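Structure file input_31.txt (compact mmCIF, C-alpha atoms) follows.
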```
# COMPACT_ATOMS: atom_id res chain seq x y z
CA MET A 1 -22.69 -3.42 -4.05
CA THR A 2 -25.46 -2.62 -6.52
CA GLN A 3 -25.47 -0.06 -9.27
CA ASN A 4 -28.27 1.93 -10.85
CA ALA A 5 -30.21 0.78 -13.89
CA ASP A 6 -28.28 2.84 -16.43
CA MET A 7 -24.98 1.30 -15.31
CA PRO A 8 -25.46 -2.48 -15.37
CA GLU A 9 -23.06 -4.84 -13.63
CA PRO A 10 -20.25 -5.48 -16.15
CA LYS A 11 -19.17 -8.96 -17.10
CA GLY A 12 -16.01 -10.02 -15.28
CA ARG A 13 -16.23 -7.41 -12.54
CA VAL A 14 -14.18 -8.32 -9.45
CA SER A 15 -16.34 -8.51 -6.34
CA ASP A 16 -14.47 -5.97 -4.17
CA ALA A 17 -13.83 -3.40 -6.92
CA TYR A 18 -15.33 0.05 -6.71
CA SER A 19 -18.84 0.20 -8.13
CA GLY A 20 -18.79 2.20 -11.37
CA ASN A 21 -14.98 2.14 -11.64
CA TRP A 22 -13.37 3.27 -14.90
CA VAL A 23 -11.90 -0.13 -15.77
CA ASP A 24 -15.26 -1.89 -15.89
CA HIS A 25 -17.09 0.91 -17.69
CA ARG A 26 -14.61 2.93 -19.77
CA ALA A 27 -11.53 0.83 -20.56
CA PRO A 28 -11.47 -1.13 -23.84
CA ALA A 29 -12.98 -4.56 -23.28
CA CYS A 30 -9.80 -6.38 -24.33
CA SER A 31 -7.75 -4.55 -21.68
CA ARG A 32 -10.08 -5.07 -18.74
CA PRO A 33 -8.82 -8.47 -17.53
CA TYR A 34 -5.24 -7.16 -17.47
CA LEU A 35 -6.19 -3.93 -15.71
CA ARG A 36 -8.11 -6.02 -13.18
CA LEU A 37 -4.97 -8.09 -12.62
CA SER A 38 -3.16 -4.83 -11.86
CA ARG A 39 -5.96 -3.77 -9.47
CA ALA A 40 -6.53 -0.63 -11.54
CA ASP A 41 -10.17 -0.94 -10.52
CA ARG A 42 -9.04 -0.74 -6.86
CA PRO A 43 -6.57 2.20 -6.64
CA ILE A 44 -6.02 2.16 -2.87
CA GLY A 45 -3.07 -0.23 -3.19
CA THR A 46 -1.25 2.17 -5.51
CA TRP A 47 -1.73 4.97 -2.98
CA LEU A 48 -0.41 2.79 -0.15
CA LEU A 49 2.69 1.96 -2.18
CA LEU A 50 3.21 5.55 -3.32
CA LEU A 51 2.75 7.49 -0.09
CA PRO A 52 5.93 6.24 1.67
CA CYS A 53 7.84 7.35 -1.44
CA TRP A 54 6.49 10.86 -1.04
CA TRP A 55 7.27 10.80 2.68
CA GLY A 56 10.86 9.91 1.86
CA VAL A 57 11.55 12.57 -0.75
CA LEU A 58 9.77 15.34 1.19
CA LEU A 59 11.55 14.52 4.46
CA ALA A 60 14.87 14.48 2.58
CA ALA A 61 14.05 17.85 1.01
CA ASN A 62 13.40 19.26 4.48
CA VAL A 63 16.88 18.10 5.51
CA THR A 64 18.74 19.56 2.52
CA GLY A 65 16.58 22.67 2.25
CA ARG A 66 16.09 22.26 -1.49
CA PHE A 67 13.26 21.02 -3.65
CA GLY A 68 13.87 21.26 -7.40
CA TRP A 69 12.72 19.86 -10.70
CA MET A 70 14.50 16.58 -10.03
CA ASP A 71 12.39 16.18 -6.91
CA VAL A 72 9.26 16.86 -8.93
CA TRP A 73 10.37 14.03 -11.22
CA ILE A 74 11.11 11.77 -8.23
CA MET A 75 7.54 12.27 -7.03
CA ALA A 76 6.07 11.81 -10.52
CA GLY A 77 8.33 8.87 -11.34
CA CYS A 78 7.40 7.21 -8.05
CA ALA A 79 3.72 7.70 -8.87
CA ILE A 80 4.07 6.03 -12.26
CA GLY A 81 6.36 3.38 -10.83
CA ALA A 82 3.98 2.68 -7.95
CA TRP A 83 1.13 2.07 -10.40
CA LEU A 84 3.28 -0.24 -12.50
CA MET A 85 4.97 -2.15 -9.68
CA ARG A 86 1.77 -2.50 -7.71
CA GLY A 87 0.28 -3.92 -10.89
CA ALA A 88 3.22 -6.28 -11.43
CA GLY A 89 3.18 -7.34 -7.78
CA CYS A 90 -0.56 -7.99 -7.78
CA THR A 91 -0.24 -9.98 -11.00
CA TRP A 92 2.51 -12.08 -9.39
CA ASN A 93 0.32 -12.50 -6.31
CA ASP A 94 -2.61 -13.69 -8.45
CA ILE A 95 -0.40 -16.15 -10.32
CA THR A 96 0.91 -17.72 -7.11
CA ASP A 97 -2.47 -17.61 -5.31
CA ARG A 98 -4.72 -18.75 -8.15
CA ASP A 99 -5.72 -21.98 -6.39
CA ILE A 100 -6.34 -20.22 -3.06
CA ASP A 101 -8.29 -17.39 -4.71
CA ALA A 102 -10.61 -19.92 -6.31
CA GLN A 103 -11.67 -21.08 -2.82
CA VAL A 104 -12.41 -17.63 -1.32
CA ASP A 105 -15.71 -15.85 -2.02
CA ARG A 106 -14.14 -12.39 -2.27
CA THR A 107 -11.35 -13.45 -4.67
CA ARG A 108 -12.75 -16.18 -6.90
CA SER A 109 -13.92 -13.46 -9.35
CA ARG A 110 -10.32 -12.36 -10.03
CA PRO A 111 -9.15 -12.75 -13.64
CA ILE A 112 -7.14 -15.99 -13.33
CA PRO A 113 -9.49 -18.15 -11.20
CA SER A 114 -12.49 -16.84 -13.16
CA GLY A 115 -10.84 -17.77 -16.48
CA GLN A 116 -10.54 -14.24 -17.94
CA VAL A 117 -6.79 -14.71 -18.56
CA THR A 118 -4.36 -17.61 -18.57
CA VAL A 119 -1.31 -17.88 -16.33
CA ARG A 120 0.96 -17.37 -19.35
CA GLN A 121 -0.87 -14.19 -20.36
CA ALA A 122 -0.65 -12.91 -16.79
CA ALA A 123 3.10 -13.61 -16.66
CA ILE A 124 3.70 -11.65 -19.87
CA TRP A 125 1.65 -8.74 -18.50
CA MET A 126 3.63 -8.82 -15.23
CA ALA A 127 6.95 -8.71 -17.09
CA ALA A 128 5.82 -5.80 -19.28
CA GLN A 129 4.85 -3.70 -16.25
CA ALA A 130 8.09 -4.47 -14.43
CA LEU A 131 10.18 -3.60 -17.49
CA ILE A 132 8.59 -0.17 -17.90
CA ALA A 133 9.05 0.49 -14.18
CA PHE A 134 12.73 -0.47 -14.49
CA CYS A 135 13.16 2.10 -17.26
CA ILE A 136 11.88 4.77 -14.86
CA LEU A 137 14.24 3.52 -12.15
CA LEU A 138 17.19 4.02 -14.50
CA THR A 139 16.60 7.79 -14.43
CA PHE A 140 17.69 7.93 -10.77
CA ASN A 141 21.14 7.71 -9.19
CA THR A 142 23.08 4.46 -8.87
CA ALA A 143 22.30 3.87 -5.19
CA THR A 144 18.58 4.23 -5.90
CA ILE A 145 18.78 1.82 -8.83
CA LEU A 146 20.44 -0.79 -6.62
CA LEU A 147 17.80 -0.33 -3.93
CA GLY A 148 15.09 -0.71 -6.55
CA ILE A 149 16.55 -4.00 -7.76
CA VAL A 150 16.84 -5.34 -4.19
CA SER A 151 13.18 -4.48 -3.59
CA LEU A 152 12.20 -7.32 -5.92
CA VAL A 153 13.16 -9.85 -3.23
CA PRO A 154 10.39 -9.00 -0.72
CA VAL A 155 7.93 -8.54 -3.61
CA ALA A 156 8.69 -12.08 -4.79
CA VAL A 157 8.49 -13.59 -1.29
CA TYR A 158 5.32 -11.90 -0.02
CA PRO A 159 2.67 -14.10 -1.75
CA PHE A 160 4.15 -17.18 -0.06
CA ALA A 161 4.36 -15.65 3.43
CA LYS A 162 0.82 -16.54 4.44
CA ARG A 163 1.70 -20.18 3.87
CA PHE A 164 4.49 -20.31 6.47
CA THR A 165 3.93 -17.47 8.99
CA TRP A 166 1.11 -15.86 10.94
CA TRP A 167 2.71 -12.50 10.13
CA PRO A 168 2.46 -12.12 6.32
CA GLN A 169 1.60 -8.44 6.89
CA VAL A 170 5.23 -7.89 7.98
CA PHE A 171 6.40 -9.08 4.57
CA LEU A 172 3.85 -6.84 2.88
CA GLY A 173 5.13 -3.91 4.94
CA ILE A 174 8.74 -4.64 3.98
CA ALA A 175 7.77 -4.56 0.31
CA PHE A 176 5.22 -1.73 0.34
CA ASN A 177 7.31 0.80 2.26
CA TRP A 178 10.57 0.30 0.37
CA GLY A 179 9.80 3.53 -1.46
CA ALA A 180 10.64 5.53 1.67
CA LEU A 181 14.24 4.31 1.39
CA LEU A 182 14.29 4.63 -2.38
CA ALA A 183 12.92 8.19 -2.62
CA TRP A 184 15.14 9.46 0.23
CA THR A 185 18.16 8.03 -1.57
CA ALA A 186 17.02 9.46 -4.92
CA HIS A 187 17.16 12.93 -3.35
CA THR A 188 20.24 12.61 -1.11
CA GLY A 189 22.32 9.97 -2.90
CA SER A 190 22.64 7.70 0.14
CA LEU A 191 20.62 6.14 2.94
CA GLY A 192 20.32 7.79 6.33
CA GLY A 193 18.95 7.13 9.80
CA PRO A 194 15.75 9.18 9.28
CA ALA A 195 14.91 7.15 6.18
CA VAL A 196 15.30 3.87 8.08
CA ALA A 197 13.07 5.11 10.92
CA LEU A 198 10.51 6.26 8.37
CA TYR A 199 10.65 2.87 6.67
CA VAL A 200 10.02 0.97 9.91
CA ALA A 201 7.17 3.38 10.74
CA GLY A 202 5.64 2.45 7.40
CA ILE A 203 5.90 -1.25 8.21
CA ALA A 204 4.00 -0.65 11.47
CA TRP A 205 1.38 1.31 9.53
CA THR A 206 1.02 -1.59 7.08
CA LEU A 207 0.48 -3.99 9.98
CA PHE A 208 -2.30 -1.66 11.11
CA TYR A 209 -4.22 -1.28 7.86
CA ASP A 210 -3.64 -4.75 6.42
CA THR A 211 -4.78 -6.47 9.61
CA ILE A 212 -8.03 -4.52 9.24
CA TYR A 213 -8.20 -5.64 5.60
CA ALA A 214 -7.50 -9.28 6.49
CA HIS A 215 -10.50 -9.41 8.82
CA GLN A 216 -12.69 -9.63 5.71
CA ASP A 217 -11.42 -13.15 4.98
CA THR A 218 -10.89 -14.76 8.39
CA GLU A 219 -13.57 -17.43 7.93
CA ASP A 220 -12.41 -18.47 4.45
CA ASP A 221 -8.76 -18.28 5.50
CA ALA A 222 -9.43 -20.62 8.43
CA LEU A 223 -11.14 -23.14 6.16
CA ILE A 224 -8.26 -23.30 3.66
CA GLY A 225 -5.41 -22.88 6.17
CA VAL A 226 -4.16 -19.42 5.15
CA LYS A 227 -2.45 -17.49 7.96
CA SER A 228 -2.82 -13.79 8.80
CA THR A 229 -2.47 -11.40 11.72
CA ALA A 230 -6.27 -11.04 11.73
CA ARG A 231 -6.62 -14.76 12.47
CA LEU A 232 -3.72 -14.69 14.92
CA PHE A 233 -5.06 -11.76 16.97
CA GLY A 234 -8.75 -12.69 16.78
CA ASP A 235 -10.75 -10.85 19.45
CA ASN A 236 -7.56 -9.08 20.62
CA SER A 237 -7.09 -7.29 17.29
CA ARG A 238 -8.07 -3.88 18.66
CA LYS A 239 -5.28 -4.01 21.27
CA TRP A 240 -2.71 -5.01 18.66
CA LEU A 241 -3.90 -2.33 16.26
CA PHE A 242 -3.48 0.27 18.99
CA LEU A 243 0.09 -0.96 19.48
CA PHE A 244 0.76 -0.62 15.73
CA GLN A 245 -0.70 2.88 15.84
CA VAL A 246 1.64 3.88 18.67
CA LEU A 247 4.63 2.36 16.85
CA THR A 248 3.74 4.14 13.61
CA VAL A 249 3.43 7.54 15.25
CA SER A 250 6.49 7.11 17.49
CA LEU A 251 8.79 5.91 14.70
CA MET A 252 7.63 8.56 12.26
CA ALA A 253 8.14 11.22 14.91
CA LEU A 254 11.64 9.82 15.48
CA ALA A 255 12.34 10.07 11.75
CA VAL A 256 11.26 13.72 11.73
CA VAL A 257 13.32 14.54 14.81
CA LEU A 258 16.45 12.83 13.43
CA ALA A 259 16.02 14.68 10.15
CA LEU A 260 15.10 18.19 11.28
CA VAL A 261 16.58 18.80 14.74
CA PRO A 262 20.14 19.27 13.35
CA GLY A 263 18.81 22.04 11.08
CA GLU A 264 17.51 24.01 14.08
CA ASN A 265 14.40 25.19 12.21
CA VAL A 266 11.90 24.94 15.04
CA LEU A 267 8.91 25.96 12.92
CA SER A 268 9.55 23.33 10.24
CA LEU A 269 10.05 20.71 12.95
CA ALA A 270 6.76 21.66 14.62
CA VAL A 271 4.83 21.51 11.37
CA ALA A 272 6.31 18.16 10.36
CA LEU A 273 5.54 16.70 13.80
CA GLY A 274 2.03 18.13 13.49
CA GLY A 275 1.52 15.93 10.44
CA VAL A 276 2.56 12.88 12.45
CA TRP A 277 0.18 13.85 15.25
CA PHE A 278 -2.80 14.25 12.91
CA MET A 279 -1.97 10.95 11.22
CA GLY A 280 -2.16 9.31 14.63
CA TRP A 281 -5.58 10.83 15.24
CA HIS A 282 -6.84 9.52 11.92
CA MET A 283 -5.69 6.02 12.90
CA MET A 284 -7.46 6.44 16.26
CA TRP A 285 -10.65 7.35 14.39
CA GLN A 286 -10.34 4.11 12.44
CA LEU A 287 -10.02 2.12 15.67
CA ARG A 288 -13.19 3.73 17.04
CA GLN A 289 -15.12 2.84 13.86
CA LEU A 290 -13.76 -0.69 13.52
CA LYS A 291 -16.08 -3.70 13.57
CA THR A 292 -13.93 -6.72 12.83
CA ASP A 293 -16.97 -8.89 12.10
CA ASP A 294 -18.28 -6.49 9.44
CA PRO A 295 -16.40 -6.90 6.11
CA ALA A 296 -17.91 -3.73 4.62
CA THR A 297 -16.62 -1.63 7.51
CA CYS A 298 -13.19 -3.27 7.32
CA LEU A 299 -12.93 -2.50 3.60
CA TYR A 300 -14.10 1.09 4.13
CA LEU A 301 -11.53 1.71 6.88
CA PHE A 302 -8.77 0.03 4.89
CA ARG A 303 -9.45 2.35 1.96
CA SER A 304 -9.47 5.38 4.28
CA ASN A 305 -5.73 4.90 4.82
CA ARG A 306 -5.09 6.86 1.64
CA ASN A 307 -6.10 9.92 3.66
CA THR A 308 -4.10 8.69 6.65
CA GLY A 309 -0.91 8.61 4.57
CA LEU A 310 -1.62 11.89 2.78
CA ILE A 311 -1.68 13.83 6.05
CA PRO A 312 2.12 13.75 6.65
CA VAL A 313 2.69 14.39 2.93
CA LEU A 314 0.83 17.71 3.15
CA PHE A 315 2.56 18.77 6.38
CA LEU A 316 6.04 17.81 5.13
CA ALA A 317 5.44 19.73 1.91
CA PHE A 318 4.41 22.83 3.88
CA ALA A 319 7.41 22.47 6.21
CA ILE A 320 9.78 22.81 3.21
CA LEU A 321 8.45 26.33 2.62
CA LEU A 322 9.28 27.54 6.14
```
As structure tokens:
Amino acid sequence: MTQNADMPEPKGRVSDAYSGNWVDHRAPACSRPYLRLSRADRPIGTWLLLLPCWWGVLLAANVTGRFGWMDVWIMAGCAIGAWLMRGAGCTWNDITDRDIDAQVDRTRSRPIPSGQVTVRQAAIWMAAQALIAFCILLTFNTATILLGIVSLVPVAVYPFAKRFTWWPQVFLGIAFNWGALLAWTAHTGSLGGPAVALYVAGIAWTLFYDTIYAHQDTEDDALIGVKSTARLFGDNSRKWLFLFQVLTVSLMALAVVLALVPGENVLSLAVALGGVWFMGWHMMWQLRQLKTDDPATCLYLFRSNRNTGLIPVLFLAFAILL
């Protein structure tokens, strides 16, 4: 993507970052390689990690009928934590994938393969982000803290998944949607069936959007032997994506029904289910626009999933008021 003459292409810019992003043009020069490691120049990943957290706390608040200052902190703490842990996870991913990234056109401009930072510097930056996120986690109840610690396992495993399975997107979904369990537990003090259904719905959603994302790299991935659902599905991707859409909507609807039917508030239930329905329509719009052989379209649709995930957030928030 090109920029206008008064905003020249910055040195070290990552190829798939937003044109004119704040990291490349406003952050101190010394911080830019580290912020690029954290994908601060590409905020969609933070949104995709955060939104299941907000689903979890808002659905839990609909069950208990209360939303207080602690819930405001849960939402804010999850937002800060999502930025930090997405940054730590991406840094870990770049450390483990540095040799692979150097062989792929879209990723060879990342800070480690391009020589902007060393592996040791990246490891220190990863640890710093994780430590601050852990301090935020300590403000929640014990069950939530334990869940947060366990979440490190799928985060650690994910970068290696594409080496041994055609389904690395499942591992990404396990890691990226953990916040649904965590935020529900932060509000209620324990896990529940609706939270588990919501979590699995999020995994299906991740399979949907990350398969679209992976279609950008199918040619390079085939050359270097990296596996993905995009390569596995090939020309049948649209059928699989439709299946993931149906699973996402069905499981999220199940979560809402399990959570709200016992409360017998028909209006809140209808509004919450309305959010699920509109989310499904947004996913259908993506399917209609999809061109798997066009990387620009795949990236655009992948980024549009911020809006996809925000739809149930808005409807769940409104349902609490009813």
CA of Ala161 in chain A to CA of Gly225 in chain A, distance in Å rounded to a single decimal:
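Here the two named atoms are 12.5 Å from each other.
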Quick one, how far is CA of Ile95 in chain A from CA of Arg120 in chain A?
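Separation of CA of Ile95 in chain A and CA of Arg120 in chain A: 9.2 Å.
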Could you give me, as a tab-separated table, every range 113-223 of chain A residue with an atom at most 9 Å from range 59-72 of chain A, plus its closest atom pair and distance in Å to one decimal, counting only C-alpha atoms, rows ordered by chain then number?
```
residue	atom	partner	partner_atom	distance
A:Ala183	CA	A:Ala60	CA	8.4
A:Trp184	CA	A:Ala60	CA	5.5
A:Thr185	CA	A:Ala60	CA	8.3
A:Ala186	CA	A:Asp71	CA	8.4
A:His187	CA	A:Ala60	CA	6.5
A:Thr188	CA	A:Ala60	CA	6.8
A:Pro194	CA	A:Leu59	CA	8.3
A:Ala195	CA	A:Ala60	CA	8.2
```
Do a neighbour search on Leu269 in chain A at 7 Å with only C-alpha atoms, toss out local chain neighbours closer than 4 positions, and write the hits as a list in words.
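With the cut-off at 7 Å, the set is Leu260, Asn265 and Leu273 of chain A.
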Distance CA of Leu138 in chain A-CA of Trp178 in chain A, one decimal place?
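Rounded to one decimal, the two atoms are 16.7 Å apart.
Closest to Pro154 in chain A among A:Ile212, A:Ile174, A:Val257, A:Leu37 is A:Ile174, based on all atoms listed in the file.
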Counting only C-alpha atoms, closest pick from A:Thr142, A:Thr292, A:Thr248, A:Gln103 relative to Thr211 in chain A is A:Thr292
Considering only C-alpha atoms, return as number ranges by chain whatever protein or nucleic-acid residues lie within 10 Å of Lys291 in chain A, sequence-local ones (same chain, fewer than 4 positions apart) excluded.
A: 212, 215, 238, 286-287, 295-298, 301
Shell around range 83-91 of chain A at 8 Å using all atoms listed in the file, local window under 6 positions removed, as a PyMOL selection string
chain A and resi 37-40+45-46+49+122-123+125-127+129-130+132-133+155-156
Closest of A:Ala222, A:Val200, A:Val117, A:Leu254 to Ser31 in chain A - atom-to-atom distances counting all atoms listed in the file
A:Val117
Using all atoms listed in the file, can you tell me which of A:Ala128, A:Leu182, A:Ala76, A:Ile311 comes closest to Ala272 in chain A?
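The shortest atom-to-atom distance to Ala272 in chain A comes from A:Ile311.
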For Phe140 in chain A, which residue out of A:Trp73, A:Tyr300, A:Trp92, A:Trp167 is the nearest one, using all atoms listed in the file?
A:Trp73
Can you work out which one of A:Ile44, A:Leu58, A:Leu181, A:Leu322 has the shortest atom-to-atom distance to Ser151 in chain A, counting all atoms listed in the file?
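Looking at the shortest contact to Ser151 in chain A, the residue is A:Leu181.
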Neighbours of Ala197 in chain A within 10 Å (all atoms listed in the file; same-chain residues fewer than 2 positions away dropped), as a list in words?
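That gives Ala180, Leu181, Gly192, Gly193, Pro194, Ala195, Tyr199, Val200, Ala201, Gly202, Ile203, Thr248, Ser250, Leu251, Met252, Ala253, Leu254, Ala255, Val256 and Leu258 of chain A.
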Give me the residues near range 207-210 of chain A as a ChimeraX atom specification, where near means some atom within 12 Å (using only C-alpha atoms) and where sequence neighbours in that chain fewer than 3 positions away do not count.
/A:44-45,48,166-174,176-177,200-204,213-217,228-230,233,237-249,280,282-284,286-287,290,298-306,308-309
